[in-house]
Amino acid sequence: MQRYDRQTRLDGFGPEKQALLQQASVLVIGAGGLGVPVLQYLTAMGIGKMGIVEHDTVSITNLQRQVLYTTADTGKSKVQLAVKRLQELNPEVKFIIHDTWLTTDNALDIISHYDVVVDCSDNFGTRYLVNDACVIAGKPLVYGAIYKFEGQVSVFNYKGGATYRCIFPEAPEAGEMLNCNEIGVLGVLPGIIGCYQANETVKIITGIGTPLKNQLLTIDTLHNIHHTFNITPVEANLQISQLQKDYNQSVCEVIGVQSLSVQQLQEWLQKDEKLLLVDVREDDEWEICHIPQSVHIPMGHVLQHAASLNADAPVALICHHGMRSRAVGQRLTAMGFKKVYNVEGGIHAWACVIDDQMQTY
């Protein structure tokens with residue numbers, strides 16, 4: 001137990017919680033940007049058994065964020081390299097290699113052998129497949145996603161809680177998404193979000209703290225802003241009993257929300273374009289400042305008003321810095337809205353670039 005001395009000293013943790021970690025089994029899907037920190041910290045903390053699903057090889061473009069690999073590893077199997085180095089970190093952990101892509105043919109069989117599933121994939125097809133398989137198998141799912149400088153974390157299918165489909169009911173059509181290879185990502189961001197995923201996993205296994213059940217945590221690393229908003233469980237999503245025939249949608253996690261600069265927004269508003277500008281900030285933020293042409297619908301209430309909005313008309317969403325509005329945009333897009341725009345930089349960018357008389361906070 002000397003290896004785990006620093007965490008077993010914690011009040012409320014101790015040898016009892018450490019024993020729970022050592023008895024637990026965790027499946028990590030993906031050994032890339034999110035998967036690497038999840039694997040490293042769960043290994044170091046002493047998870048008893050760890051399965052890794054990965055079929056990719058190391059690319060030089062991975063190394064800016066996937067710090068488990070080196071330049072000399074280019075072209076080699078990620079899962080084989082990961083297990084070798086993780087075993088060196090902690091030989092007490094048992095590793096199970098699943099050198100394959102997750103498919104409808106193998107998902108239920110693989111997932112059924114583990115206590116907790118951590119989804120570190122980067123595409124819609126896998127996310128919906130993992131979600132549905134976890135619902136069927138009754139496994140809690142730890143979710144993480146990244147976009148440029150921002151990330152999201154949640155815990156799905158935990159003790160009757162919401163699932164991934166409760167916040168993103170359906171994937172958008174192919175061609176409506178931005179390309180993740182073109183968007184880019186700040187190297188440190190997957191490390192931050194992956195550590196949050198590892199932390200949620202430990203909380204689920206040991207029973208400490210409050211997991212993100214029925215909640216989505218959003219993190220804006222540029223402006224150090226964290227927001228948590230509630231997710232309402234949808235009963236039908238908790239009753240999934242079989243997998244779909246096809247989840248083959250190898251597109252990026254970033255869904256069809258188009259970016260809109262504050263300069264473009266100003267032009268649209270001046271031209272009186274048929275654009276609905278929805279401000280999703282909270283009441284106290286709205287009182288501080290807002291764009292006169294905007295409609296105020298706080299983030300937690302947007303879905304309740306969605307039916308009254310025209311799904312075929314352009315909708316622009318704005319918040320403080322652009323992260324909450326993007327999350328709302330993702331949900332509207334998944335609900336069938338065709339033209340959804342996120343005002344990049346939010347009301348703060350509007351105040352800095354367009355209206356220097358606007359009060360900021």
# chains A, B, ... in the order shown; residues from 1 in each chain; ligands from 1
call {"tool": "select_by_dssp", "arguments": {"residues": "region 20-127 of chain A", "states": "helix (DSSP H, G or I)", "output": "PyMOL selection string"}}
result
chain A and resi 20-23+35-45+60-62+71-73+78-89+107-111+124-127
call {"tool": "select_by_dssp", "arguments": {"residues": "region 70-276 of chain A", "states": "strand (DSSP E)", "output": "number ranges by chain"}}
result
A: 94-98, 116-119, 141-147, 150-156, 215-220, 225-230, 258-260, 276
call {"tool": "residues_around", "arguments": {"residues": "Leu68 (chain A)", "least_positions_apart": "5", "cutoff": "9 Å", "atoms": "only C-alpha atoms", "output": "list in words"}}
result
Val36, Pro37, Gln40, Leu63, Leu81, Ala82, Arg85 and Leu86 of chain A
call {"tool": "write_last_selection", "arguments": {"atoms": "N, CA, C and O atoms", "output": "compact mmCIF listing (two decimals), in the first residue's frame"}}
result
# COMPACT_ATOMS: atom_id res chain seq x y z
N VAL A 36 -5.33 9.23 -22.90
CA VAL A 36 -4.00 9.18 -22.28
C VAL A 36 -4.03 9.64 -20.82
O VAL A 36 -3.57 8.92 -19.93
N PRO A 37 -4.54 10.83 -20.48
CA PRO A 37 -4.57 11.22 -19.07
C PRO A 37 -5.47 10.32 -18.22
O PRO A 37 -5.16 10.06 -17.06
N GLN A 40 -3.38 7.20 -17.60
CA GLN A 40 -2.23 7.45 -16.73
C GLN A 40 -2.64 7.60 -15.27
O GLN A 40 -2.03 7.00 -14.38
N LEU A 63 1.36 14.05 -31.00
CA LEU A 63 2.30 14.21 -29.88
C LEU A 63 2.14 15.51 -29.12
O LEU A 63 2.60 15.63 -27.98
N LEU A 81 1.73 0.28 -27.19
CA LEU A 81 2.65 1.20 -26.53
C LEU A 81 2.10 1.65 -25.18
O LEU A 81 2.83 1.72 -24.19
N ALA A 82 0.81 1.96 -25.16
CA ALA A 82 0.19 2.44 -23.93
C ALA A 82 0.31 1.41 -22.82
O ALA A 82 0.70 1.74 -21.69
N ARG A 85 3.88 1.06 -21.38
CA ARG A 85 4.33 2.15 -20.51
C ARG A 85 3.50 2.25 -19.23
O ARG A 85 4.01 2.61 -18.17
N LEU A 86 2.24 1.92 -19.32
CA LEU A 86 1.41 1.93 -18.12
C LEU A 86 1.81 0.82 -17.16
O LEU A 86 1.75 1.00 -15.94
call {"tool": "residues_around", "arguments": {"residues": "Ala307 (chain A)", "least_positions_apart": "3", "cutoff": "12 Å", "atoms": "only C-alpha atoms", "output": "VMD selection string"}}
result
chain A and resid 301 to 304 310 to 312 332 335 to 337
call {"tool": "write_last_selection", "arguments": {"atoms": "all heavy atoms", "output": "short mmCIF file (atom, residue, chain, number, x, y, z; two decimals), in the first residue's frame"}}
result
data_model
loop_
_atom_site.label_atom_id
_atom_site.label_comp_id
_atom_site.auth_asym_id
_atom_site.auth_seq_id
_atom_site.Cartn_x
_atom_site.Cartn_y
_atom_site.Cartn_z
N HIS A 301 -33.68 26.74 -20.08
CA HIS A 301 -35.06 26.80 -20.54
C HIS A 301 -35.21 26.73 -22.06
O HIS A 301 -36.32 26.72 -22.56
CB HIS A 301 -35.72 28.09 -20.04
CG HIS A 301 -35.73 28.24 -18.55
ND1 HIS A 301 -36.59 27.55 -17.73
CD2 HIS A 301 -34.94 28.98 -17.73
CE1 HIS A 301 -36.36 27.88 -16.46
NE2 HIS A 301 -35.36 28.74 -16.43
N VAL A 302 -34.09 26.69 -22.76
CA VAL A 302 -34.15 26.74 -24.22
C VAL A 302 -34.94 25.57 -24.79
O VAL A 302 -35.78 25.74 -25.69
CB VAL A 302 -32.73 26.78 -24.82
CG1 VAL A 302 -32.79 26.62 -26.33
CG2 VAL A 302 -32.05 28.09 -24.47
N LEU A 303 -34.68 24.36 -24.31
CA LEU A 303 -35.36 23.20 -24.87
C LEU A 303 -36.86 23.27 -24.65
O LEU A 303 -37.64 22.77 -25.47
CB LEU A 303 -34.79 21.91 -24.28
CG LEU A 303 -33.31 21.63 -24.60
CD1 LEU A 303 -32.93 20.24 -24.14
CD2 LEU A 303 -33.03 21.80 -26.08
N GLN A 304 -37.28 23.88 -23.55
CA GLN A 304 -38.71 24.03 -23.30
C GLN A 304 -39.37 24.95 -24.32
O GLN A 304 -40.56 24.82 -24.62
CB GLN A 304 -38.94 24.58 -21.89
CG GLN A 304 -38.39 23.70 -20.78
CD GLN A 304 -38.47 24.40 -19.43
OE1 GLN A 304 -39.27 25.31 -19.23
NE2 GLN A 304 -37.65 23.97 -18.49
N ASN A 310 -38.79 28.41 -34.99
CA ASN A 310 -38.80 27.89 -36.36
C ASN A 310 -37.50 27.15 -36.63
O ASN A 310 -36.44 27.76 -36.72
CB ASN A 310 -38.98 29.04 -37.35
CG ASN A 310 -39.13 28.56 -38.79
OD1 ASN A 310 -38.95 27.37 -39.07
ND2 ASN A 310 -39.45 29.48 -39.68
N ALA A 311 -37.59 25.83 -36.76
CA ALA A 311 -36.39 25.00 -36.93
C ALA A 311 -35.72 25.21 -38.28
O ALA A 311 -34.57 24.81 -38.48
CB ALA A 311 -36.74 23.53 -36.75
N ASP A 312 -36.42 25.83 -39.23
CA ASP A 312 -35.85 26.06 -40.56
C ASP A 312 -35.24 27.45 -40.71
O ASP A 312 -34.56 27.73 -41.68
CB ASP A 312 -36.93 25.86 -41.63
CG ASP A 312 -37.43 24.43 -41.68
OD1 ASP A 312 -36.60 23.51 -41.56
OD2 ASP A 312 -38.65 24.23 -41.83
N LEU A 332 -29.81 22.04 -30.13
CA LEU A 332 -30.80 22.44 -31.13
C LEU A 332 -30.54 21.74 -32.46
O LEU A 332 -31.47 21.31 -33.15
CB LEU A 332 -30.79 23.95 -31.31
CG LEU A 332 -31.33 24.79 -30.14
CD1 LEU A 332 -31.24 26.28 -30.48
CD2 LEU A 332 -32.76 24.41 -29.79
N MET A 335 -31.75 18.38 -32.48
CA MET A 335 -33.22 18.34 -32.51
C MET A 335 -33.78 18.64 -33.91
O MET A 335 -34.99 18.59 -34.11
CB MET A 335 -33.79 19.35 -31.51
CG MET A 335 -33.52 19.02 -30.06
SD MET A 335 -34.06 20.34 -28.94
CE MET A 335 -35.84 20.27 -29.19
N GLY A 336 -32.90 18.97 -34.85
CA GLY A 336 -33.36 19.18 -36.21
C GLY A 336 -33.29 20.60 -36.72
O GLY A 336 -33.70 20.87 -37.86
N PHE A 337 -32.78 21.54 -35.92
CA PHE A 337 -32.64 22.91 -36.39
C PHE A 337 -31.57 22.96 -37.49
O PHE A 337 -30.49 22.40 -37.33
CB PHE A 337 -32.29 23.84 -35.24
CG PHE A 337 -33.46 24.21 -34.39
CD1 PHE A 337 -34.04 23.29 -33.53
CD2 PHE A 337 -34.01 25.49 -34.45
CE1 PHE A 337 -35.14 23.63 -32.74
CE2 PHE A 337 -35.10 25.84 -33.68
CZ PHE A 337 -35.68 24.91 -32.81
#
call {"tool": "atom_distance", "arguments": {"atom1": "CA of Trp350 (chain A)", "atom2": "CA of Arg324 (chain A)"}}
result
15.8 Å
call {"tool": "closest_atom_pairs", "arguments": {"of": "region 42-156 of chain A", "to": "region 8-20 of chain A", "cutoff": "10 Å", "atoms": "only C-alpha atoms", "output": "JSON lines"}}
result
{"residue": "A:Met45", "atom": "CA", "partner": "A:Gln18", "partner_atom": "CA", "distance": 8.3}
{"residue": "A:Gly46", "atom": "CA", "partner": "A:Gln18", "partner_atom": "CA", "distance": 7.6}
{"residue": "A:Ile47", "atom": "CA", "partner": "A:Leu20", "partner_atom": "CA", "distance": 8.4}
{"residue": "A:Gly48", "atom": "CA", "partner": "A:Leu20", "partner_atom": "CA", "distance": 8.7}
call {"tool": "residues_around", "arguments": {"residues": "Ala31 (chain A)", "least_positions_apart": "3", "cutoff": "7 Å", "atoms": "only C-alpha atoms", "output": "CSV table (one decimal) with N, CA, C and O atoms, in the first residue's frame"}}
result
chain,number,residue,atom,x,y,z
A,35,GLY,N,-8.0,9.9,-23.7
A,35,GLY,CA,-7.7,8.6,-23.1
A,35,GLY,C,-6.3,8.5,-22.4
A,35,GLY,O,-6.2,7.9,-21.4
A,36,VAL,N,-5.3,9.2,-22.9
A,36,VAL,CA,-4.0,9.2,-22.3
A,36,VAL,C,-4.0,9.6,-20.8
A,36,VAL,O,-3.6,8.9,-19.9
A,54,GLU,N,-8.6,0.4,-28.6
A,54,GLU,CA,-7.9,1.3,-29.5
A,54,GLU,C,-7.3,0.5,-30.7
A,54,GLU,O,-6.8,-0.5,-30.5
A,78,LYS,N,-0.9,2.3,-30.8
A,78,LYS,CA,-1.1,3.1,-29.6
A,78,LYS,C,-1.4,2.2,-28.4
A,78,LYS,O,-0.8,2.3,-27.3
A,79,VAL,N,-2.3,1.2,-28.6
A,79,VAL,CA,-2.7,0.4,-27.5
A,79,VAL,C,-1.5,-0.5,-27.0
A,79,VAL,O,-1.3,-0.7,-25.7
call {"tool": "atom_distance", "arguments": {"atom1": "CA of Leu217 (chain A)", "atom2": "CA of Val153 (chain A)"}}
result
5.2 Å
call {"tool": "atom_distance", "arguments": {"atom1": "CA of Phe95 (chain A)", "atom2": "CA of Gly32 (chain A)"}}
result
16.7 Å
call {"tool": "residues_around", "arguments": {"residues": "Val340 (chain A)", "least_positions_apart": "5", "cutoff": "9 Å", "atoms": "only C-alpha atoms", "output": "PyMOL selection string"}}
result
chain A and resi 256-259+313-317+329-330+332-333
call {"tool": "residues_around", "arguments": {"residues": "Tyr128 (chain A)", "least_positions_apart": "6", "cutoff": "8 Å", "atoms": "only C-alpha atoms", "output": "PyMOL selection string"}}
result
chain A and resi 164-165+247
call {"tool": "closest_residue", "arguments": {"among": "A:Ala44, A:Val116, A:Ala72, A:Ile60", "to": "Val135 (chain A)", "atoms": "only C-alpha atoms"}}
result
A:Val116
